[in-house]
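So this one's my_file26.tsv, TSV, C-alpha atoms and all ligand atoms:
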chain	number	residue	atom	x	y	z
T	1	MET	CA	82.75	94.63	125.06
T	2	SER	CA	82.99	92.92	128.47
T	3	ASN	CA	86.33	91.32	129.33
T	4	LEU	CA	87.29	90.70	125.77
T	5	LYS	CA	90.90	89.92	124.93
T	6	LYS	CA	92.55	89.77	121.49
T	7	THR	CA	96.11	89.23	120.33
T	8	PHE	CA	97.99	90.06	117.16
T	9	THR	CA	101.48	89.06	116.03
T	10	SER	CA	103.47	91.29	113.68
T	11	TYR	CA	107.03	91.00	112.40
T	12	GLY	CA	110.19	92.91	111.59
T	13	LYS	CA	111.74	93.56	108.20
T	14	VAL	CA	115.06	94.10	106.49
T	15	ILE	CA	115.62	96.18	103.37
T	16	LEU	CA	117.83	94.21	100.98
T	17	LEU	CA	118.30	96.89	98.31
T	18	GLY	CA	116.88	100.28	97.34
T	19	GLU	CA	116.55	102.15	100.66
T	20	HIS	CA	116.53	105.93	100.20
T	21	ALA	CA	116.09	105.53	96.42
T	22	VAL	CA	112.56	104.28	97.20
T	23	VAL	CA	111.72	107.72	98.62
T	24	TYR	CA	112.30	109.16	95.10
T	25	GLY	CA	110.07	106.63	93.32
T	26	SER	CA	112.64	103.91	92.52
T	27	PRO	CA	112.00	100.28	93.41
T	28	ALA	CA	113.20	98.70	96.65
T	29	PHE	CA	113.46	95.08	97.70
T	30	ALA	CA	112.79	94.04	101.30
T	31	ILE	CA	112.07	90.91	103.30
T	32	PRO	CA	109.87	90.28	106.35
T	33	ILE	CA	111.75	88.74	109.28
T	34	THR	CA	109.42	86.43	111.17
T	35	LYS	CA	112.07	85.61	113.78
T	36	LEU	CA	111.61	89.16	115.11
T	37	LYS	CA	108.12	89.44	116.52
T	38	ILE	CA	105.89	91.90	118.30
T	39	GLU	CA	103.07	90.27	120.30
T	40	THR	CA	100.29	92.78	120.87
T	41	GLU	CA	97.35	92.23	123.19
T	42	ILE	CA	94.25	94.28	123.86
T	43	LYS	CA	91.96	93.77	126.82
T	44	THR	CA	89.03	95.44	128.51
T	45	THR	CA	89.77	97.61	131.56
T	46	ALA	CA	87.58	98.67	134.49
T	47	GLN	CA	88.58	102.33	134.09
T	48	ALA	CA	88.27	104.46	130.99
T	49	GLY	CA	91.59	104.82	129.15
T	50	PRO	CA	92.94	103.98	126.69
T	51	PHE	CA	95.97	102.56	128.52
T	52	ILE	CA	99.29	101.57	126.97
T	53	ASP	CA	101.81	99.06	128.27
T	54	THR	CA	105.24	98.85	126.63
T	55	ALA	CA	108.68	97.87	127.96
T	56	GLU	CA	109.35	101.56	128.73
T	57	PHE	CA	105.95	103.06	129.50
T	58	GLN	CA	102.84	101.97	131.37
T	59	GLY	CA	99.99	104.44	131.71
T	60	PRO	CA	97.19	106.34	130.03
T	61	LEU	CA	97.50	107.23	126.35
T	62	PHE	CA	97.58	110.98	127.01
T	63	LEU	CA	100.86	110.57	128.97
T	64	LEU	CA	102.53	108.45	126.27
T	65	PRO	CA	105.97	109.91	125.34
T	66	GLU	CA	106.33	111.68	122.00
T	67	LYS	CA	108.38	108.89	120.47
T	68	TYR	CA	105.20	106.79	120.40
T	69	ASP	CA	103.26	109.40	118.42
T	70	GLY	CA	102.48	106.80	115.75
T	71	ILE	CA	100.57	104.66	118.28
T	72	ARG	CA	98.80	107.74	119.63
T	73	PHE	CA	97.78	108.78	116.12
T	74	VAL	CA	96.29	105.37	115.28
T	75	ILE	CA	94.33	105.09	118.52
T	76	GLU	CA	93.07	108.68	118.56
T	77	THR	CA	92.05	108.49	114.89
T	78	LEU	CA	90.02	105.31	115.32
T	79	VAL	CA	88.53	106.31	118.69
T	80	ALA	CA	87.33	109.63	117.23
T	81	LYS	CA	86.14	108.20	113.90
T	82	ASP	CA	84.21	105.27	115.34
T	83	GLN	CA	83.31	106.75	118.74
T	84	LEU	CA	85.07	103.81	120.43
T	85	ASP	CA	84.63	102.94	124.11
T	86	THR	CA	88.01	103.71	125.71
T	87	HIS	CA	87.90	101.03	128.42
T	88	PHE	CA	90.84	99.16	126.95
T	89	GLU	CA	94.56	98.59	127.37
T	90	ILE	CA	97.03	97.63	124.63
T	91	THR	CA	100.19	95.75	125.64
T	92	TYR	CA	103.21	95.34	123.35
T	93	HIS	CA	105.89	92.64	123.82
T	94	SER	CA	108.55	93.38	121.23
T	95	GLN	CA	111.63	91.41	120.23
T	96	ILE	CA	112.53	93.99	117.58
T	97	PRO	CA	115.32	96.35	118.67
T	98	LEU	CA	114.18	99.97	118.25
T	99	GLU	CA	115.55	102.44	115.69
T	100	ARG	CA	117.76	99.92	113.89
T	101	GLY	CA	116.01	99.76	110.50
T	102	LEU	CA	114.29	96.53	111.52
T	103	GLY	CA	110.78	97.88	111.07
T	104	SER	CA	109.86	98.16	114.74
T	105	SER	CA	107.78	101.33	114.41
T	106	ALA	CA	105.96	100.11	111.29
T	107	SER	CA	105.26	96.81	112.99
T	108	VAL	CA	103.83	98.54	116.08
T	109	SER	CA	101.63	100.83	113.97
T	110	TYR	CA	100.42	97.93	111.84
T	111	ALA	CA	99.67	95.82	114.94
T	112	THR	CA	97.77	98.69	116.61
T	113	VAL	CA	95.48	99.19	113.61
T	114	ASN	CA	94.89	95.45	113.27
T	115	ILE	CA	94.15	94.80	116.90
T	116	LEU	CA	91.68	97.69	117.18
T	117	ASN	CA	90.06	96.54	113.94
T	118	ASP	CA	89.65	93.06	115.39
T	119	TYR	CA	88.60	94.01	118.93
T	120	PHE	CA	86.00	96.57	117.86
T	121	GLU	CA	85.00	94.70	114.67
T	122	LEU	CA	85.58	97.84	112.61
T	123	GLY	CA	85.60	96.03	109.26
T	124	LEU	CA	88.65	97.89	107.90
T	125	THR	CA	89.91	96.43	104.61
T	126	PRO	CA	93.59	95.34	104.27
T	127	ALA	CA	94.20	98.46	102.14
T	128	GLU	CA	92.66	100.73	104.79
T	129	ILE	CA	94.77	99.07	107.50
T	130	ILE	CA	97.95	99.63	105.50
T	131	GLU	CA	96.94	103.23	104.73
T	132	LEU	CA	96.43	104.09	108.41
T	133	ALA	CA	99.67	102.35	109.45
T	134	ASN	CA	101.48	104.35	106.75
T	135	GLN	CA	100.04	107.60	108.07
T	136	ALA	CA	101.38	106.66	111.51
T	137	GLU	CA	104.78	105.92	109.94
T	138	ALA	CA	104.79	109.36	108.30
T	139	ILE	CA	104.33	110.82	111.80
T	140	ASN	CA	107.15	108.64	113.15
T	141	HIS	CA	109.64	109.40	110.38
T	142	GLY	CA	108.63	112.63	108.67
T	143	SER	CA	107.69	111.28	105.29
T	144	ALA	CA	107.77	107.53	104.75
T	145	SER	CA	107.79	105.71	101.42
T	146	GLY	CA	105.44	102.98	102.64
T	147	LEU	CA	108.09	100.29	102.14
T	148	ASP	CA	108.24	99.20	105.78
T	149	VAL	CA	104.50	98.62	106.20
T	150	ALA	CA	104.32	96.91	102.79
T	151	THR	CA	107.06	94.50	103.87
T	152	ILE	CA	105.95	93.69	107.40
T	153	SER	CA	102.42	93.02	106.15
T	154	SER	CA	103.70	90.51	103.58
T	155	GLU	CA	104.45	86.82	103.92
T	156	PHE	CA	107.15	86.97	101.21
T	157	PRO	CA	109.96	89.32	100.19
T	158	VAL	CA	108.49	92.29	98.33
T	159	SER	CA	109.43	94.40	95.38
T	160	PHE	CA	107.98	97.81	96.21
T	161	VAL	CA	107.49	101.08	94.34
T	162	LYS	CA	105.72	103.85	96.19
T	163	PRO	CA	102.92	104.52	96.81
T	164	GLN	CA	101.49	100.99	96.65
T	165	ALA	CA	103.01	98.78	93.91
T	166	ILE	CA	103.80	95.66	95.91
T	167	VAL	CA	104.89	92.44	94.20
T	168	PRO	CA	105.66	89.38	96.37
T	169	ILE	CA	108.82	87.54	95.27
T	170	LYS	CA	108.09	84.01	96.34
T	171	ASN	CA	111.24	82.05	95.51
T	172	LYS	CA	114.25	81.60	97.79
T	173	LEU	CA	117.71	82.91	96.92
T	174	ASN	CA	119.34	79.87	98.53
T	175	GLY	CA	121.75	81.51	100.89
T	176	PHE	CA	122.12	82.92	104.38
T	177	LEU	CA	121.59	86.51	105.45
T	178	LEU	CA	123.33	87.85	108.51
T	179	ILE	CA	121.55	90.69	110.23
T	180	ILE	CA	124.20	92.41	112.30
T	181	ASP	CA	122.97	94.92	114.86
T	182	THR	CA	125.59	97.62	115.42
T	183	GLY	CA	123.82	98.65	118.63
T	184	GLU	CA	123.89	102.24	117.31
T	185	THR	CA	120.45	103.77	116.91
T	186	GLY	CA	119.72	105.19	113.49
T	187	ASN	CA	117.42	108.13	112.87
T	188	THR	CA	115.31	107.74	109.75
T	189	ARG	CA	114.04	111.32	109.75
T	190	GLU	CA	117.59	112.71	109.97
T	191	ALA	CA	119.01	110.27	107.38
T	192	VAL	CA	116.25	110.97	104.84
T	193	ALA	CA	116.79	114.74	105.30
T	194	LYS	CA	120.57	114.34	104.92
T	195	VAL	CA	120.12	112.52	101.61
T	196	ARG	CA	117.49	114.97	100.34
T	197	GLN	CA	119.72	117.94	101.03
T	198	GLN	CA	122.51	116.38	98.93
T	199	VAL	CA	120.17	115.31	96.11
T	200	LEU	CA	118.83	118.87	95.82
T	201	ALA	CA	122.30	120.43	95.89
T	202	GLU	CA	124.37	118.08	93.67
T	203	THR	CA	123.50	116.43	90.32
T	204	GLN	CA	125.91	113.57	91.08
T	205	LYS	CA	123.90	112.66	94.15
T	206	LYS	CA	120.73	112.43	92.06
T	207	GLU	CA	122.66	110.01	89.82
T	208	LEU	CA	123.63	107.96	92.89
T	209	ILE	CA	119.95	107.66	93.80
T	210	ASP	CA	119.30	106.34	90.28
T	211	HIS	CA	122.16	103.81	90.76
T	212	LEU	CA	120.63	102.62	94.01
T	213	GLY	CA	117.26	102.20	92.31
T	214	ASN	CA	118.87	100.27	89.43
T	215	GLN	CA	120.69	98.01	91.87
T	216	ALA	CA	117.35	97.14	93.46
T	217	ARG	CA	115.80	96.52	90.03
T	218	LYS	CA	118.70	94.21	89.06
T	219	GLY	CA	118.71	92.61	92.50
T	220	ILE	CA	115.08	91.53	92.19
T	221	ILE	CA	115.93	89.82	88.88
T	222	ALA	CA	119.07	88.21	90.35
T	223	TRP	CA	116.98	86.90	93.27
T	224	GLN	CA	114.37	85.49	90.90
T	225	GLN	CA	117.16	83.77	88.96
T	226	GLN	CA	118.74	82.58	92.24
T	227	ASP	CA	121.97	84.26	91.16
T	228	ILE	CA	123.44	84.72	94.62
T	229	LEU	CA	126.82	85.98	93.36
T	230	ALA	CA	125.20	88.76	91.32
T	231	PHE	CA	122.99	89.63	94.30
T	232	GLY	CA	126.02	89.91	96.59
T	233	LYS	CA	127.84	92.19	94.15
T	234	LEU	CA	124.82	94.50	94.01
T	235	MET	CA	124.83	94.68	97.81
T	236	ASP	CA	128.49	95.73	97.77
T	237	LYS	CA	127.79	98.40	95.14
T	238	ALA	CA	124.85	99.71	97.14
T	239	GLN	CA	127.09	100.01	100.21
T	240	VAL	CA	129.59	102.13	98.25
T	241	ASP	CA	126.80	104.45	97.06
T	242	LEU	CA	125.10	104.73	100.47
T	243	ASP	CA	128.46	105.53	102.01
T	244	LYS	CA	128.87	108.45	99.57
T	245	PHE	CA	125.86	110.05	101.23
T	246	GLY	CA	127.65	109.82	104.59
T	247	LEU	CA	125.21	107.22	105.94
T	248	ALA	CA	127.80	104.66	107.10
T	249	THR	CA	129.21	105.17	110.57
T	250	SER	CA	132.78	104.02	111.27
T	251	LYS	CA	131.37	100.95	113.00
T	252	ILE	CA	129.30	100.06	109.92
T	253	LYS	CA	132.40	100.44	107.73
T	254	ARG	CA	134.44	98.23	110.03
T	255	ILE	CA	131.80	95.47	110.01
T	256	VAL	CA	131.55	95.65	106.20
T	257	LYS	CA	135.34	95.18	105.90
T	258	ILE	CA	135.49	92.26	108.34
T	259	ALA	CA	132.54	90.49	106.70
T	260	LYS	CA	134.18	90.80	103.29
T	261	LYS	CA	137.46	89.34	104.61
T	262	ASN	CA	135.53	86.39	106.02
T	263	GLY	CA	133.86	85.28	102.82
T	264	ALA	CA	130.74	87.46	102.54
T	265	LEU	CA	129.32	87.69	99.00
T	266	GLY	CA	128.02	91.17	99.73
T	267	THR	CA	127.59	93.43	102.76
T	268	LYS	CA	125.80	96.71	103.24
T	269	LEU	CA	124.04	98.89	105.72
T	270	SER	CA	120.28	98.38	105.64
T	271	GLY	CA	117.51	100.86	106.37
T	272	SER	CA	118.18	104.53	106.86
T	273	GLY	CA	121.80	104.21	108.02
T	274	LEU	CA	123.58	106.52	110.52
T	275	GLY	CA	123.60	103.43	112.76
T	276	GLY	CA	121.23	100.50	112.79
T	277	ILE	CA	121.98	97.20	111.09
T	278	VAL	CA	124.41	95.80	108.55
T	279	ILE	CA	123.33	92.88	106.38
T	280	SER	CA	125.75	90.38	104.90
T	281	LEU	CA	125.18	87.57	102.42
T	282	ALA	CA	126.82	84.14	102.72
T	283	GLN	CA	126.53	81.15	100.46
T	284	THR	CA	126.65	78.54	103.24
T	285	LYS	CA	125.69	78.34	106.89
T	286	ALA	CA	129.34	77.67	107.78
T	287	THR	CA	130.46	80.93	106.12
T	288	ALA	CA	127.60	82.80	107.79
T	289	GLU	CA	128.75	81.48	111.17
T	290	GLN	CA	132.35	82.41	110.40
T	291	ILE	CA	131.29	85.98	109.55
T	292	ALA	CA	129.14	86.15	112.69
T	293	HIS	CA	132.09	85.04	114.79
T	294	ALA	CA	134.44	87.57	113.16
T	295	VAL	CA	132.13	90.59	113.64
T	296	ALA	CA	130.77	89.54	117.05
T	297	SER	CA	132.81	92.02	119.07
T	298	HIS	CA	131.36	94.91	117.02
T	299	ALA	CA	127.73	93.83	117.27
T	300	THR	CA	125.10	93.76	120.00
T	301	ASN	CA	123.08	91.08	118.22
T	302	ILE	CA	123.45	88.89	115.15
T	303	PHE	CA	120.63	86.94	113.51
T	304	ILE	CA	121.17	84.45	110.71
T	305	GLU	CA	118.24	84.02	108.37
T	306	GLU	CA	118.04	81.33	105.70
T	307	ILE	CA	116.84	83.04	102.53
U	401	LIG	C1	113.70	103.38	106.13
U	401	LIG	O1	113.35	102.11	106.67
U	401	LIG	C2	113.86	103.31	104.64
U	401	LIG	C3	114.09	104.64	103.93
U	401	LIG	O2	114.16	104.33	102.54
U	401	LIG	C4	112.99	105.63	104.20
U	401	LIG	C5	111.66	105.23	103.60
U	401	LIG	O3	111.59	104.34	102.75
U	401	LIG	O4	110.66	105.87	103.99
U	401	LIG	C6	115.41	105.25	104.34
Rewrite the structure from the file as structure tokens, please.
Amino acid sequence: MSNLKKTFTSYGKVILLGEHAVVYGSPAFAIPITKLKIETEIKTTAQAGPFIDTAEFQGPLFLLPEKYDGIRFVIETLVAKDQLDTHFEITYHSQIPLERGLGSSASVSYATVNILNDYFELGLTPAEIIELANQAEAINHGSASGLDVATISSEFPVSFVKPQAIVPIKNKLNGFLLIIDTGETGNTREAVAKVRQQVLAETQKKELIDHLGNQARKGIIAWQQQDILAFGKLMDKAQVDLDKFGLATSKIKRIVKIAKKNGALGTKLSGSGLGGIVISLAQTKATAEQIAHAVASHATNIFIEEI
């Protein structure tokens, strides 16, 4: 293992429809975002580690802050299982803003498993890689449906039902998706707990979860039929339902309103909510740019993705 170096590129994701409902066994529909990358590198070190290098932390694994427990879990699990030599350092260069529902933690976990698999020639199968990344996600977020890892490990948008029913949806919708970063950090663990508490206490909230699942089901069909108007309407309906759970901050609501006024076909929060990103659908690039311009003062970042 002398002076070996390996790299791995992983991507972000956006949930189009079905977040939260997916936790209860309904389908969700999500898309990998290759514009948002994490470049991960592993190299041999003179001293025993492992060592970790991120934008916020450089040092030995045992000093890694708690918020990186997913990384710690993956490395400790594989080191213990395969008796790995710990003379290595993993470096992460991420373009994915953290805690925004853009799949940063899933992407880091997935990259960590892959790069160790490659560097140490562990021979893990794709299913085993996904399984371990999902276990890391469960540590990051409490319980995780598996949607994020399923999406970031796919080349195409995916229809997903937990635990592992993944269907790639290969056609384009023929539109433009704005990914609008509110700059507010979401908290998946808190948002999932907030929804669960309401679902357990109120029958109507269980019905809302079923609505969200049905919107995802219909959305996948609309996407396959390239029915962009129907898809946009489903996004709007999902926003109304997600808002009823108290997941939309006032900033999210403001962005949704402005996007609608500026020609969006549909706009909703995406991911866990309580901050994070808003996604908005436009038929043309010109409309997408108009929406981007109109919401710019409420966003820290806006990406436009042709879909
Ligand atoms: C978080 O990216 C999506 C949620 O549906 C939680 C999950 O699927 O585990 C809110």
Return the padded bounding box of stretch 28-33 of chain T as lines of an AutoDock Vina configuration file: axis-aligned, built from all atoms listed in the file, 4 Å added on each side, with centre and edge lengths in Å to one decimal.
center_x = 111.7
center_y = 93.7
center_z = 103.0
size_x = 11.6
size_y = 18.0
size_z = 20.6
Identify, on the basis of only C-alpha atoms, every residue whose closest approach to stretch 51-54 of chain T does not exceed 8 Å; exclude the query and any residue fewer than 3 positions from it along the same chain; express the result as a ChimeraX atom specification. /T:57-61,64,88-93
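Across the model, the gap from atom CA of T:Ile115 to atom CA of T:Lys43 is 10.2 Å.
In this model, the gap between atom CA of T:Leu98 and atom O3 of ligand LIG 401 (chain U) comes to 16.3 Å.
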Could the residues that lie within 9 Å of ligand LIG 401 (chain U), counting all atoms listed in the file, be listed as a PyMOL selection string? chain T and resi 13-15+18-23+28+100-103+106+137-138+141-148+162+188-189+191-192+270-273
Residues from last step as file, C-alpha atoms, as a PDB file, keeping the file's coordinate frame:
ATOM      1  CA  LYS T  13     111.740  93.560 108.200  1.00  0.00           C
ATOM      2  CA  VAL T  14     115.060  94.100 106.490  1.00  0.00           C
ATOM      3  CA  ILE T  15     115.620  96.180 103.370  1.00  0.00           C
ATOM      4  CA  GLY T  18     116.880 100.280  97.340  1.00  0.00           C
ATOM      5  CA  GLU T  19     116.550 102.150 100.660  1.00  0.00           C
ATOM      6  CA  HIS T  20     116.530 105.930 100.200  1.00  0.00           C
ATOM      7  CA  ALA T  21     116.090 105.530  96.420  1.00  0.00           C
ATOM      8  CA  VAL T  22     112.560 104.280  97.200  1.00  0.00           C
ATOM      9  CA  VAL T  23     111.720 107.720  98.620  1.00  0.00           C
ATOM     10  CA  ALA T  28     113.200  98.700  96.650  1.00  0.00           C
ATOM     11  CA  ARG T 100     117.760  99.920 113.890  1.00  0.00           C
ATOM     12  CA  GLY T 101     116.010  99.760 110.500  1.00  0.00           C
ATOM     13  CA  LEU T 102     114.290  96.530 111.520  1.00  0.00           C
ATOM     14  CA  GLY T 103     110.780  97.880 111.070  1.00  0.00           C
ATOM     15  CA  ALA T 106     105.960 100.110 111.290  1.00  0.00           C
ATOM     16  CA  GLU T 137     104.780 105.920 109.940  1.00  0.00           C
ATOM     17  CA  ALA T 138     104.790 109.360 108.300  1.00  0.00           C
ATOM     18  CA  HIS T 141     109.640 109.400 110.380  1.00  0.00           C
ATOM     19  CA  GLY T 142     108.630 112.630 108.670  1.00  0.00           C
ATOM     20  CA  SER T 143     107.690 111.280 105.290  1.00  0.00           C
ATOM     21  CA  ALA T 144     107.770 107.530 104.750  1.00  0.00           C
ATOM     22  CA  SER T 145     107.790 105.710 101.420  1.00  0.00           C
ATOM     23  CA  GLY T 146     105.440 102.980 102.640  1.00  0.00           C
ATOM     24  CA  LEU T 147     108.090 100.290 102.140  1.00  0.00           C
ATOM     25  CA  ASP T 148     108.240  99.200 105.780  1.00  0.00           C
ATOM     26  CA  LYS T 162     105.720 103.850  96.190  1.00  0.00           C
ATOM     27  CA  THR T 188     115.310 107.740 109.750  1.00  0.00           C
ATOM     28  CA  ARG T 189     114.040 111.320 109.750  1.00  0.00           C
ATOM     29  CA  ALA T 191     119.010 110.270 107.380  1.00  0.00           C
ATOM     30  CA  VAL T 192     116.250 110.970 104.840  1.00  0.00           C
ATOM     31  CA  SER T 270     120.280  98.380 105.640  1.00  0.00           C
ATOM     32  CA  GLY T 271     117.510 100.860 106.370  1.00  0.00           C
ATOM     33  CA  SER T 272     118.180 104.530 106.860  1.00  0.00           C
ATOM     34  CA  GLY T 273     121.800 104.210 108.020  1.00  0.00           C
TER      35      GLY T 273
END
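Across the structure, atom CA of T:Ile129 and atom CA of T:Ala111 are spaced 9.5 Å apart.
Each of T:Leu242, T:Ile166, T:Ile179, T:Ala296 was checked against T:Asp210 using only C-alpha atoms; the smallest atom-to-atom distance is that of T:Leu242.
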